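K.L.:
Here it is, the structure, as structure tokens.
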Amino acid sequence: MKKLRVLTVCGMGLGTSLMLLMNIEEIGKKYGVKIEGEAVDIGSYKGIACDIVVAASEIAKQLDCGGIPVVLIDDIIDKANIEAKLAPYLA
């Protein structure tokens, strides 16, 4: 089974990033991909090993991930939108 290390980032590292990570884990199952993830706040994301970083658009614009792809999510509860943006990384 393919694995994808995902880091979700929000302002406080609690609500938004955790909800986003749970949605990504669910979508990963659909693609047969095991999501290994961590939800963190914007002050803690640097230096955490991951394949992609996922965040709401307003937070994502503030991130400097040194070449790691950053996926901007416009609506964290719209699973179809999240899936569409993550599909290239899950295929």
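Every chain in the structure tokens takes a letter, A first, then B, and so on in the order presented; its residues are numbered from 1, and the ligands are numbered from 1 following the presented order.
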Compile the contact shell of A:Ile27 as a list in words: residues with an atom at most 10 Å away, counting only C-alpha atoms, same-chain residues fewer than 6 positions apart removed.

P.N.:
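Counting only C-alpha atoms, the residues come to Leu21, Val33, Lys34, Ile35, Lys79, Ala80, Ile82, Glu83, Leu86, Ala87 and Leu90 of chain A.
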
K.L.:
Residues within 12 Å of A:Ser44, please, as a PyMOL selection string. Count only C-alpha atoms; anything in the same chain fewer than 2 positions from it doesn't count.

P.N.:
chain A and resi 7-13+38-42+46-49+63+65

K.L.:
Write down as a list of chain:residue names the residues of stretch 24-77 of chain A whose backbone DSSP state falls under strand (DSSP E).

P.N.:
A:Val33, A:Lys34, A:Ile35, A:Glu36, A:Gly37, A:Glu38, A:Ala39, A:Val40, A:Asp41, A:Ile52, A:Val53, A:Val54, A:Ala55, A:Ala56, A:Val70, A:Val71, A:Leu72, A:Ile73

K.L.:
Would you mind reading off the distance between atom CA of A:Asp74 and atom CA of A:Ala60, one decimal, in Å?

P.N.:
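So the two atoms, atom CA of A:Asp74 and atom CA of A:Ala60, lie 10.1 Å apart.
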
K.L.:
Could you pull out the residues in chain A that DSSP calls helix (DSSP H, G or I) from the backbone, as a PDB file with C-alpha atoms, in the first residue's frame?

P.N.:
```pdb
ATOM      1  CA  GLY A  15      -9.685  22.592  14.665  1.00  0.00           C
ATOM      2  CA  THR A  16      -9.085  23.309  11.011  1.00  0.00           C
ATOM      3  CA  SER A  17      -5.924  21.243  10.541  1.00  0.00           C
ATOM      4  CA  LEU A  18      -7.333  18.276  12.438  1.00  0.00           C
ATOM      5  CA  MET A  19     -10.594  18.288  10.451  1.00  0.00           C
ATOM      6  CA  LEU A  20      -8.625  18.609   7.233  1.00  0.00           C
ATOM      7  CA  LEU A  21      -6.374  15.687   8.185  1.00  0.00           C
ATOM      8  CA  MET A  22      -9.370  13.465   8.988  1.00  0.00           C
ATOM      9  CA  ASN A  23     -10.907  14.277   5.589  1.00  0.00           C
ATOM     10  CA  ILE A  24      -7.600  13.530   3.847  1.00  0.00           C
ATOM     11  CA  GLU A  25      -7.283  10.187   5.661  1.00  0.00           C
ATOM     12  CA  GLU A  26     -10.777   9.249   4.492  1.00  0.00           C
ATOM     13  CA  ILE A  27     -10.004  10.259   0.903  1.00  0.00           C
ATOM     14  CA  GLY A  28      -6.717   8.338   1.052  1.00  0.00           C
ATOM     15  CA  LYS A  29      -8.578   5.125   1.870  1.00  0.00           C
ATOM     16  CA  LYS A  30     -10.646   5.585  -1.275  1.00  0.00           C
ATOM     17  CA  TYR A  31      -7.413   5.630  -3.306  1.00  0.00           C
ATOM     18  CA  SER A  57      -5.787  29.107   1.411  1.00  0.00           C
ATOM     19  CA  GLU A  58      -5.248  32.026   3.798  1.00  0.00           C
ATOM     20  CA  ILE A  59      -2.716  30.026   5.861  1.00  0.00           C
ATOM     21  CA  ALA A  60      -1.074  28.293   2.891  1.00  0.00           C
ATOM     22  CA  LYS A  79     -14.535  16.733   0.397  1.00  0.00           C
ATOM     23  CA  ALA A  80     -14.936  16.791  -3.383  1.00  0.00           C
ATOM     24  CA  ASN A  81     -12.751  19.916  -3.575  1.00  0.00           C
ATOM     25  CA  ILE A  82     -10.148  18.404  -1.246  1.00  0.00           C
ATOM     26  CA  GLU A  83     -10.118  15.183  -3.266  1.00  0.00           C
ATOM     27  CA  ALA A  84      -9.732  17.062  -6.549  1.00  0.00           C
ATOM     28  CA  LYS A  85      -6.732  18.986  -5.218  1.00  0.00           C
ATOM     29  CA  LEU A  86      -5.091  15.871  -3.698  1.00  0.00           C
ATOM     30  CA  ALA A  87      -5.789  13.433  -6.554  1.00  0.00           C
ATOM     31  CA  PRO A  88      -2.420  14.039  -8.290  1.00  0.00           C
ATOM     32  CA  TYR A  89      -0.594  13.062  -5.074  1.00  0.00           C
ATOM     33  CA  LEU A  90      -2.795  10.030  -4.387  1.00  0.00           C
TER      34      LEU A  90
END
```

K.L.:
Point out the residue among A:Met1, A:Ile77, A:Ala91, A:Val6 with the least atom-to-atom distance to A:Ala56, counting only C-alpha atoms.

P.N.:
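For A:Ala56, the nearest of the candidates is A:Ile77.
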
K.L.:
Just want the 9 Å neighbourhood of A:Cys50, counted on only C-alpha atoms, with same-chain residues fewer than 4 positions away dropped. Output as JSON, numbers by chain.

P.N.:
{"A": [4, 5, 6, 7, 36, 37, 68]}

K.L.:
Work out how far atom CA of A:Ile52 is from atom CA of A:Asp64, in Å to one decimal.

P.N.:
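Those two atoms sit 12.2 Å apart.
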
K.L.:
In Å, with one decimal, what is the gap from atom CA of A:Val54 to atom CA of A:Val71?

P.N.:
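Atom CA of A:Val71 lies at a distance of 4.7 Å from atom CA of A:Val54.
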